[in-house]
Amino acid sequence: MNGRTTNGFTLVELLVVISIIGILLALLLPALSRGRQASMRSLCAARMRQVGVGWMVYATENRGVIVPGQAGRYADESRNVYWVGNGYQYRPRWFAQMGASAGFYAFTEPSPDPANEHTMTVNNEVFLCPQVPTWTNTRNYPYGYNYQFLGNSRFRGDNETRGSINHPVQMSRIAFSQTVMAADCLGTAAGKPEAMRTDNRPDGSRDPEGRARGGHGYALDPPRLTSTSDFADSRLSSPEHRSGPDERHLGKANVSFCDGHVKTMSAEEMGYLKNGDGSIAFNGQGATNTLFSGTARNEDPPNVN
C-alpha cells in the first residue's frame, strides 16, 4: 500500500476557489469604482473652490465688475484681443479672463489670432474637471458659467452699437451664498435626450445639431428660459439647444456658488426640470431661476432684444 499523500487541490476545489474570487471581485469592483468617482468629485470641488477665489479677485481688481462669460465681438478686431496674464488672447472666455487677475493662467501660450479662438486647449488643470480629463477645449469645456445673470457681454442683435445684453454686472448686487457661479456642464447636449448625446469634441468643432457633450459648455443656461432669452450657443437658438448641468459625479453635479462654497447637487435641486428621456426642459412648471438670478428670486433671464 502506498502511504504517500498529495497536497494539491482537486479540480472541484480549484473551481470553488475561482468562483469565490469571482464573487468577491464582483462585490468589490463597484465599491472601488464608486470610491474612485468620489475621489474625482472631491478633486473637482477643490479645483472649483480655487476658481471661485479667482472669480472674487477679478471683481475686486475691476472695481466690483464681475467677469463676463465671453467678450462681445467688435467690428474692430483690435478690440477683441485681451490680456490674460501671460499673453494676449482673442476673445477669451470667463475662466481665462479671470485667471489674468487670479495669477493662474488657462493657457500655456495664449493666442491673439482669431483663427485659434475655438481650437485653444486649456493647459492648467485648475480649470479642468478630473472626471472628464479630455474635455480641454476652450469652447467644448467642462465648467459652465452663469453668464446670463452674472455677465452676458454679447451684443444685442450682434450689434455693438446696441450695447451688451447684461454687462457690466456689479458684485454688490449679488446674493453671494445663494447664487450659482459655475457648475459641471453638458453644454447644448443637455437639451437632447440622453440616448442622442454624442462624445465631446476636443478639437473645438461645433456639432451642427448641438448633441456633443460639453459643446459650448463654458456657458451654463439657467433652469428657466423664455422666448427672448439668450442661449449658450447663440447660433442654435431654440429650446432643444439649451445648455444645462452635467450630473457626472455619481449622478450629481458640482456647483460653485459666488461666496466660494461648492455643493454637489442634482439638476432638480438646482432648479432644472428634467424630461423622462433625460433631457433638460426649456421651461416648465417647477423650473426656477432662484439660484441663478443673483437676487434669490425666480427672475426671467435678461432679454436679448
# chains A, B, ... in the order shown; residues from 1 in each chain; ligands from 1
call {"tool": "residues_around", "arguments": {"residues": "Gly69 (chain A)", "least_positions_apart": "2", "cutoff": "7 Å", "atoms": "only C-alpha atoms", "output": "PyMOL selection string"}}
result
chain A and resi 67+71+93-94+145+147+151-152+219
call {"tool": "write_last_selection", "arguments": {"atoms": "N, CA and C atoms", "output": "compact mmCIF listing (two decimals), in the first residue's frame"}}
result
# COMPACT_ATOMS: atom_id res chain seq x y z
N VAL A 67 -16.64 89.26 -13.92
CA VAL A 67 -16.13 88.78 -15.21
C VAL A 67 -17.30 88.32 -16.10
N ALA A 71 -16.32 87.97 -24.03
CA ALA A 71 -16.42 89.32 -24.56
C ALA A 71 -17.21 89.35 -25.87
N ARG A 93 -12.74 83.30 -22.93
CA ARG A 93 -13.91 83.02 -22.12
C ARG A 93 -13.65 83.42 -20.67
N TRP A 94 -14.68 83.30 -19.86
CA TRP A 94 -14.65 83.80 -18.49
C TRP A 94 -13.48 83.29 -17.67
N TYR A 145 -20.48 78.64 -16.91
CA TYR A 145 -20.62 79.88 -16.12
C TYR A 145 -22.05 80.40 -16.20
N TYR A 147 -23.57 82.83 -17.05
CA TYR A 147 -23.29 84.03 -17.83
C TYR A 147 -24.50 84.95 -18.00
N GLY A 151 -23.06 88.15 -16.22
CA GLY A 151 -22.31 88.97 -17.16
C GLY A 151 -22.33 88.47 -18.58
N ASN A 152 -23.41 88.79 -19.28
CA ASN A 152 -23.52 88.41 -20.69
C ASN A 152 -23.14 89.62 -21.54
N ALA A 219 -20.69 77.97 -21.15
CA ALA A 219 -21.85 78.81 -20.83
C ALA A 219 -22.99 77.94 -20.31
call {"tool": "residues_around", "arguments": {"residues": "Asp199 (chain A)", "least_positions_apart": "4", "cutoff": "10 Å", "atoms": "only C-alpha atoms", "output": "list in words"}}
result
Trp135, Ala189, Arg211, Ala212, Arg213, Gly214 and Gly215 of chain A
call {"tool": "select_by_dssp", "arguments": {"residues": "region 1-234 of chain A", "states": "strand (DSSP E or B)", "output": "PyMOL selection string"}}
result
chain A and resi 65+70+81-83+88-90+93+121+137+143-145+152-155+164-166+170+180-187+198+212+215+219
call {"tool": "closest_atom_pairs", "arguments": {"of": "region 181-220 of chain A", "to": "region 291-297 of chain A", "cutoff": "12 Å", "atoms": "only C-alpha atoms", "output": "JSON lines"}}
result
{"residue": "A:Met181", "atom": "CA", "partner": "A:Phe292", "partner_atom": "CA", "distance": 7.9}
{"residue": "A:Ala182", "atom": "CA", "partner": "A:Phe292", "partner_atom": "CA", "distance": 9.7}
{"residue": "A:Ala183", "atom": "CA", "partner": "A:Phe292", "partner_atom": "CA", "distance": 11.3}
{"residue": "A:Leu220", "atom": "CA", "partner": "A:Phe292", "partner_atom": "CA", "distance": 10.1}
call {"tool": "residues_around", "arguments": {"residues": "region 272-283 of chain A", "least_positions_apart": "6", "cutoff": "9 Å", "atoms": "only C-alpha atoms", "output": "list of chain:residue names"}}
result
A:Ala189, A:Ala190, A:Gly191, A:Lys192, A:Pro193, A:Glu194, A:Ala195, A:Pro222, A:Pro223, A:Arg224, A:Leu225, A:Thr226, A:Ser238, A:Pro239, A:Glu240, A:His241, A:Arg242, A:Ser243, A:Gly244, A:Pro245, A:Ser266, A:Asn289
call {"tool": "residues_around", "arguments": {"residues": "Gln50 (chain A)", "least_positions_apart": "4", "cutoff": "8 Å", "atoms": "only C-alpha atoms", "output": "PDB file with N, CA and C atoms, in the first residue's frame"}}
result
ATOM      1  N   ALA A  46     -12.441  70.822  -5.189  1.00  0.00           N
ATOM      2  CA  ALA A  46     -11.288  71.603  -4.741  1.00  0.00           C
ATOM      3  C   ALA A  46     -10.839  72.585  -5.819  1.00  0.00           C
ATOM      4  N   GLY A  54     -10.493  82.986  -7.585  1.00  0.00           N
ATOM      5  CA  GLY A  54     -10.076  83.814  -8.719  1.00  0.00           C
ATOM      6  C   GLY A  54     -11.187  84.716  -9.208  1.00  0.00           C
ATOM      7  N   VAL A 126      -6.298  73.369 -12.976  1.00  0.00           N
ATOM      8  CA  VAL A 126      -7.235  74.039 -12.073  1.00  0.00           C
ATOM      9  C   VAL A 126      -8.571  74.286 -12.768  1.00  0.00           C
TER      10      VAL A 126
END
call {"tool": "closest_atom_pairs", "arguments": {"of": "region 18-92 of chain A", "to": "region 163-168 of chain A", "cutoff": "8 Å", "atoms": "only C-alpha atoms", "output": "tab-separated table"}}
result
residue	atom	partner	partner_atom	distance
A:Val65	CA	A:Pro168	CA	6.1
A:Ile66	CA	A:Pro168	CA	7.0
A:Pro68	CA	A:His167	CA	7.1
A:Gly72	CA	A:Ser164	CA	7.5
call {"tool": "write_last_selection", "arguments": {"atoms": "N, CA and C atoms", "output": "PDB file, in the first residue's frame"}}
result
ATOM      1  N   VAL A  65     -16.801  94.949 -10.808  1.00  0.00           N
ATOM      2  CA  VAL A  65     -17.444  94.417 -12.015  1.00  0.00           C
ATOM      3  C   VAL A  65     -17.086  92.939 -12.165  1.00  0.00           C
ATOM      4  N   ILE A  66     -18.118  92.111 -12.333  1.00  0.00           N
ATOM      5  CA  ILE A  66     -17.936  90.663 -12.445  1.00  0.00           C
ATOM      6  C   ILE A  66     -17.474  90.286 -13.844  1.00  0.00           C
ATOM      7  N   PRO A  68     -17.320  88.721 -17.366  1.00  0.00           N
ATOM      8  CA  PRO A  68     -18.388  88.258 -18.268  1.00  0.00           C
ATOM      9  C   PRO A  68     -18.100  86.855 -18.803  1.00  0.00           C
ATOM     10  N   GLY A  72     -17.988  90.402 -26.066  1.00  0.00           N
ATOM     11  CA  GLY A  72     -18.700  90.577 -27.325  1.00  0.00           C
ATOM     12  C   GLY A  72     -17.730  90.777 -28.476  1.00  0.00           C
TER      13      GLY A  72
END
